[in-house]
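S.K.: As input, take start-v2.tsv (TSV, C-alpha atoms):
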```tsv
chain	number	residue	atom	x	y	z
W	285	MET	CA	112.02	-11.53	-45.42
W	286	LYS	CA	114.23	-12.47	-48.38
W	287	THR	CA	117.82	-13.68	-48.59
W	288	HIS	CA	120.23	-12.01	-51.02
W	289	ILE	CA	123.71	-12.99	-52.18
W	290	LEU	CA	125.76	-9.92	-53.11
W	291	ASN	CA	128.88	-10.19	-55.23
W	292	THR	CA	131.45	-7.42	-55.63
W	293	PRO	CA	131.42	-5.21	-57.59
W	294	ILE	CA	127.94	-4.61	-56.17
W	295	ARG	CA	125.32	-3.31	-58.61
W	296	ASP	CA	122.72	-0.65	-57.79
W	297	GLU	CA	119.95	-2.85	-59.19
W	298	ASP	CA	120.81	-5.59	-56.68
W	299	LEU	CA	120.59	-3.16	-53.76
W	300	GLU	CA	117.29	-1.70	-54.94
W	301	LYS	CA	115.65	-5.12	-54.36
W	302	ILE	CA	116.79	-5.23	-50.74
W	303	GLU	CA	114.58	-4.07	-47.86
W	304	ILE	CA	115.02	-3.81	-44.11
W	305	GLY	CA	114.49	-7.18	-42.48
W	306	ASP	CA	116.13	-9.06	-45.36
W	307	ILE	CA	119.25	-11.21	-44.96
W	308	VAL	CA	122.46	-10.63	-46.93
W	309	TYR	CA	125.54	-12.76	-47.62
W	310	LEU	CA	128.62	-11.34	-49.34
W	311	ASN	CA	131.08	-12.78	-51.85
W	312	GLY	CA	134.11	-10.83	-53.05
W	313	ALA	CA	136.18	-7.87	-51.92
W	314	LEU	CA	135.75	-6.62	-48.37
W	315	ILE	CA	137.88	-4.05	-46.53
W	316	THR	CA	137.88	-3.24	-42.83
W	317	ALA	CA	137.51	0.50	-42.26
W	318	ARG	CA	136.83	2.02	-38.90
W	319	ASP	CA	137.70	5.22	-37.03
W	320	GLN	CA	141.14	6.02	-38.48
W	321	ALA	CA	140.18	5.26	-42.10
W	322	HIS	CA	137.16	7.57	-41.86
W	323	HIS	CA	139.09	10.29	-40.03
W	324	ARG	CA	142.02	10.20	-42.44
W	325	LEU	CA	139.87	10.40	-45.57
W	326	VAL	CA	137.25	12.94	-44.49
W	327	LYS	CA	138.98	15.09	-41.86
W	328	LEU	CA	142.57	14.95	-43.07
W	329	GLY	CA	141.91	14.59	-46.80
W	330	ARG	CA	144.23	11.58	-47.11
W	331	LYS	CA	143.64	9.35	-50.13
W	332	LEU	CA	142.71	5.80	-49.18
W	333	PRO	CA	145.20	3.09	-50.18
W	334	VAL	CA	142.43	0.89	-51.64
W	335	ASP	CA	139.62	1.39	-54.13
W	336	LEU	CA	136.27	0.94	-52.36
W	337	ASN	CA	134.05	1.72	-55.33
W	338	ARG	CA	131.18	-0.83	-55.48
W	339	LYS	CA	132.80	-2.85	-52.70
W	340	ALA	CA	131.97	-3.48	-49.03
W	341	ILE	CA	133.46	-2.18	-45.81
W	342	LEU	CA	133.27	-3.69	-42.36
W	343	HIS	CA	133.41	-1.59	-39.21
W	344	ALA	CA	135.67	-4.02	-37.37
W	345	GLY	CA	139.08	-4.53	-35.84
W	346	PRO	CA	139.89	-8.12	-36.72
W	347	ILE	CA	142.22	-10.34	-34.76
W	348	MET	CA	144.79	-11.51	-37.28
W	349	VAL	CA	147.37	-14.23	-36.70
W	350	PRO	CA	150.62	-14.88	-38.57
W	351	ALA	CA	150.34	-17.73	-41.06
W	352	GLU	CA	153.08	-19.19	-43.23
W	353	ASP	CA	150.72	-21.13	-45.50
W	354	VAL	CA	149.12	-18.07	-47.13
W	355	LYS	CA	150.58	-15.40	-49.44
W	356	SER	CA	149.82	-12.43	-47.21
W	357	GLY	CA	151.28	-14.07	-44.12
W	358	TRP	CA	148.05	-13.42	-42.18
W	359	LYS	CA	144.89	-15.33	-41.31
W	360	VAL	CA	141.71	-14.08	-39.66
W	361	ALA	CA	141.20	-15.57	-36.20
W	362	SER	CA	138.20	-13.44	-35.26
W	363	ILE	CA	136.33	-10.63	-36.98
W	364	GLY	CA	133.48	-9.06	-35.03
W	365	PRO	CA	131.79	-5.74	-35.74
W	366	THR	CA	132.51	-2.59	-33.78
W	367	THR	CA	129.98	0.13	-32.92
W	368	SER	CA	129.14	1.91	-36.17
W	369	MET	CA	127.76	5.10	-34.64
W	370	ARG	CA	131.34	6.18	-33.94
W	371	MET	CA	131.76	6.63	-37.70
W	372	GLU	CA	128.53	8.64	-38.15
W	373	LEU	CA	130.33	11.99	-38.09
W	374	PHE	CA	132.23	11.02	-41.26
W	375	GLU	CA	130.12	8.31	-42.91
W	376	LYS	CA	128.09	10.50	-45.27
W	377	GLU	CA	131.22	12.06	-46.78
W	378	PHE	CA	133.00	8.70	-46.73
W	379	ILE	CA	130.19	7.22	-48.84
W	380	GLU	CA	130.21	10.16	-51.24
W	381	GLU	CA	133.96	10.03	-51.78
W	382	THR	CA	134.48	6.27	-52.01
W	383	GLY	CA	131.40	4.84	-53.75
W	384	VAL	CA	131.26	1.99	-51.23
W	385	LYS	CA	128.01	0.04	-51.61
W	386	LEU	CA	127.67	-2.16	-48.52
W	387	ILE	CA	128.44	-1.15	-44.95
W	388	ILE	CA	128.61	-3.91	-42.36
W	389	GLY	CA	128.59	-2.87	-38.73
W	390	LYS	CA	126.91	-2.98	-35.35
W	391	GLY	CA	124.22	-0.92	-33.71
W	392	GLY	CA	123.04	1.23	-36.61
W	393	MET	CA	123.85	4.70	-37.84
W	394	GLY	CA	122.21	8.13	-37.96
W	395	GLU	CA	120.37	10.50	-40.25
W	396	GLY	CA	123.40	11.54	-42.30
W	397	THR	CA	124.19	7.97	-43.24
W	398	LYS	CA	120.54	7.18	-43.91
W	399	ALA	CA	120.31	10.09	-46.37
W	400	ALA	CA	123.53	9.05	-48.12
W	401	LEU	CA	122.39	5.42	-48.41
W	402	GLN	CA	119.26	6.57	-50.19
W	403	LYS	CA	120.98	9.12	-52.42
W	404	TYR	CA	123.82	6.88	-53.55
W	405	LYS	CA	122.06	3.48	-53.40
W	406	GLN	CA	123.83	1.79	-50.51
W	407	VAL	CA	122.76	-0.58	-47.74
W	408	TYR	CA	123.77	-0.88	-44.08
W	409	VAL	CA	123.63	-4.35	-42.55
W	410	GLN	CA	123.93	-5.49	-38.96
W	411	ALA	CA	126.47	-8.17	-38.09
W	412	CYS	CA	125.50	-10.29	-35.12
W	413	PRO	CA	127.57	-9.25	-32.10
W	414	GLY	CA	129.33	-12.13	-30.36
W	415	CYS	CA	129.77	-14.20	-33.52
W	416	ALA	CA	133.27	-13.03	-34.46
W	417	VAL	CA	134.76	-16.50	-34.73
W	418	VAL	CA	131.82	-17.77	-36.79
W	419	LEU	CA	132.09	-14.77	-39.13
W	420	ALA	CA	135.81	-15.46	-39.60
W	421	ALA	CA	134.88	-18.66	-41.45
W	422	GLY	CA	133.49	-16.46	-44.25
W	423	ILE	CA	136.89	-14.88	-44.94
W	424	VAL	CA	138.84	-17.03	-47.40
W	425	GLY	CA	141.72	-14.70	-48.27
W	426	THR	CA	143.72	-11.75	-46.95
W	427	LYS	CA	146.22	-9.25	-48.29
W	428	GLU	CA	148.82	-7.15	-46.54
W	429	PRO	CA	147.22	-4.45	-44.36
W	430	HIS	CA	147.33	-0.73	-45.06
W	431	TRP	CA	148.12	1.84	-42.36
W	432	PHE	CA	149.30	-0.84	-39.95
W	433	GLU	CA	151.06	1.90	-37.98
W	434	HIS	CA	147.72	2.52	-36.26
W	435	GLY	CA	147.72	-1.02	-34.89
W	436	MET	CA	145.91	-4.17	-35.89
W	437	PRO	CA	142.33	-3.00	-35.16
W	438	GLU	CA	142.62	0.32	-37.02
W	439	ALA	CA	144.57	-0.94	-40.04
W	440	MET	CA	142.65	-1.39	-43.29
W	441	TRP	CA	142.61	-5.12	-44.05
W	442	PRO	CA	141.74	-6.13	-47.64
W	443	LEU	CA	139.86	-9.42	-47.38
W	444	GLN	CA	138.20	-11.91	-49.70
W	445	ALA	CA	134.78	-13.08	-48.58
W	446	LYS	CA	132.83	-16.20	-49.46
W	447	HIS	CA	129.27	-16.61	-48.18
W	448	PHE	CA	130.17	-14.05	-45.50
W	449	GLY	CA	127.28	-13.52	-43.13
W	450	PRO	CA	124.45	-13.75	-42.43
W	451	PHE	CA	123.77	-10.04	-42.01
W	452	LEU	CA	120.44	-8.39	-41.20
W	453	VAL	CA	119.51	-5.39	-43.36
W	454	THR	CA	118.66	-2.57	-40.98
W	455	MET	CA	119.00	0.47	-43.30
W	456	ASP	CA	118.10	0.16	-46.98
W	457	SER	CA	118.54	2.31	-50.09
W	458	HIS	CA	114.89	3.45	-49.93
W	459	GLY	CA	115.33	5.58	-46.80
W	460	ASN	CA	114.01	2.96	-44.38
W	461	SER	CA	115.66	2.29	-41.03
W	462	ARG	CA	114.85	-0.49	-38.60
W	463	TYR	CA	116.27	1.74	-35.86
W	464	ASP	CA	113.65	4.42	-36.60
W	465	LYS	CA	110.90	1.82	-36.32
W	466	VAL	CA	112.24	0.50	-33.00
W	467	ARG	CA	112.58	4.04	-31.62
W	468	ASP	CA	109.07	5.01	-32.72
W	469	TYR	CA	107.60	1.86	-31.18
W	470	ALA	CA	109.50	2.40	-27.91
W	471	GLN	CA	108.25	6.00	-27.70
W	472	LYS	CA	104.68	4.86	-28.34
W	473	VAL	CA	104.89	2.25	-25.57
W	474	GLU	CA	106.48	4.80	-23.23
W	475	LYS	CA	103.56	7.22	-23.80
W	476	GLU	CA	101.04	4.46	-23.17
W	477	ILE	CA	102.76	3.48	-19.92
W	478	LEU	CA	102.99	7.08	-18.71
W	479	ALA	CA	99.33	7.68	-19.57
W	480	THR	CA	98.26	4.93	-17.15
W	481	LYS	CA	99.99	6.51	-14.17
```
What's the structure tokens form of this structure?

M.R.:
Amino acid sequence: MKTHILNTPIRDEDLEKIEIGDIVYLNGALITARDQAHHRLVKLGRKLPVDLNRKAILHAGPIMVPAEDVKSGWKVASIGPTTSMRMELFEKEFIEETGVKLIIGKGGMGEGTKAALQKYKQVYVQACPGCAVVLAAGIVGTKEPHWFEHGMPEAMWPLQAKHFGPFLVTMDSHGNSRYDKVRDYAQKVEKEILATK
């Protein structure tokens, strides 16, 4: 297990060194993008209001609070991951169209995403569920949200990250998935248990 610090714009050569089981921290541009962002881009063909090329997205609906002491007028109170599999239907095309390099989420993704990660040199990392307040400490800046008409969770929030993490690499750019390994092991154990009955 190795620890990597990624800085945006993220380079392919940095991602090629990363393997499942490694730990990642992020510095730089980060944008929240969950159901509505994926649906609008892929299904409706709407252009995104931000450039995601070589940046990172977070499958999350942050809790933002008004703040007078910052330019944007917002501060992050809590920023926990949401279930990434909901985006699986659109993630492959989302990756192809945006050039995003790091996807931060919860619970893993499927075969379409795994193939796109390998083809386009991206990495999926798992944020620890239940640590939303701790993760918020890694966000040092915010900008005005895009598509706020969908509500706070579904808006796209441009954020600035500093030592944001830690995140566990669960799908790498080499076609490896920790979720495949867990599934295969569980099926093996299941067969062994059933064979003893």

S.K.: Return the single residue from W:Pro365, W:Gly391, W:Gly305, W:Pro346 that is closest to Trp441 in chain W, with distances computed using only C-alpha atoms.

M.R.: W:Pro346

S.K.: Just give me the gap between CA of Met440 in chain W and CA of Gly312 in chain W in Å, one decimal is fine.

M.R.: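 A separation of 16.0 Å between them.
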
S.K.: CA of Met369 in chain W and CA of Glu474 in chain W, how far apart in Å?

M.R.: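 One can read the CA of Glu474 in chain W to CA of Met369 in chain W distance as 24.1 Å.
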
S.K.: From the options W:Ala445, W:Leu325, W:Val409, W:Ala416, which residue's atoms come nearest to Asp306 in chain W, counting only C-alpha atoms?

M.R.: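 With only C-alpha atoms as the atom set, the closest residue is W:Val409.
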
S.K.: Given only C-alpha atoms, how would the per-residue table for range 335-360 of chain W near range 370-387 of chain W read, listing every residue at most 7 Å away with its closest atom pair and distance in Å to one decimal, sorted by chain and number, as CSV?

M.R.:
```
residue,atom,partner,partner_atom,distance
W:Leu336,CA,W:Val384,CA,5.2
W:Asn337,CA,W:Gly383,CA,4.4
W:Arg338,CA,W:Lys385,CA,5.1
W:Lys339,CA,W:Val384,CA,5.3
W:Ala340,CA,W:Leu386,CA,4.5
W:Ile341,CA,W:Ile387,CA,5.2
W:Leu342,CA,W:Ile387,CA,6.0
```

S.K.: What is the CA of Thr367 in chain W to CA of Gly394 in chain W distance in Å?

M.R.: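 That distance, rounded to one decimal, is 12.2 Å.
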
S.K.: Please define a box with edges along x, y and z of the file around all atoms of range 451-465 of chain W given in the file, extend it by 3 Å on each side, and return its centre and edge lengths in Å to one decimal, as AutoDock Vina command-line options.

M.R.:
```
--center_x 117.3 --center_y -2.2 --center_z -43.0 --size_x 18.9 --size_y 21.6 --size_z 20.2
```

S.K.: My list of candidates is W:Glu352, W:Glu438, W:Glu476, W:Glu303. Which is closest to Lys286 in chain W when distances are computed with only C-alpha atoms?

M.R.: W:Glu303

S.K.: Considering only C-alpha atoms, state which residue in the set W:His288, W:Lys301, W:His322, W:Lys359 is at the smallest distance from Pro429 in chain W.

M.R.: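 Closest candidate: W:Lys359.
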
S.K.: Excluding same-chain residues fewer than 6 positions from Ala361 in chain W, what lies within 7 Å of it counting all atoms listed in the file, as a list in words?

M.R.: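 The neighbour list is Ile347, Met348, Val349, Val417 and Ala420 of chain W.
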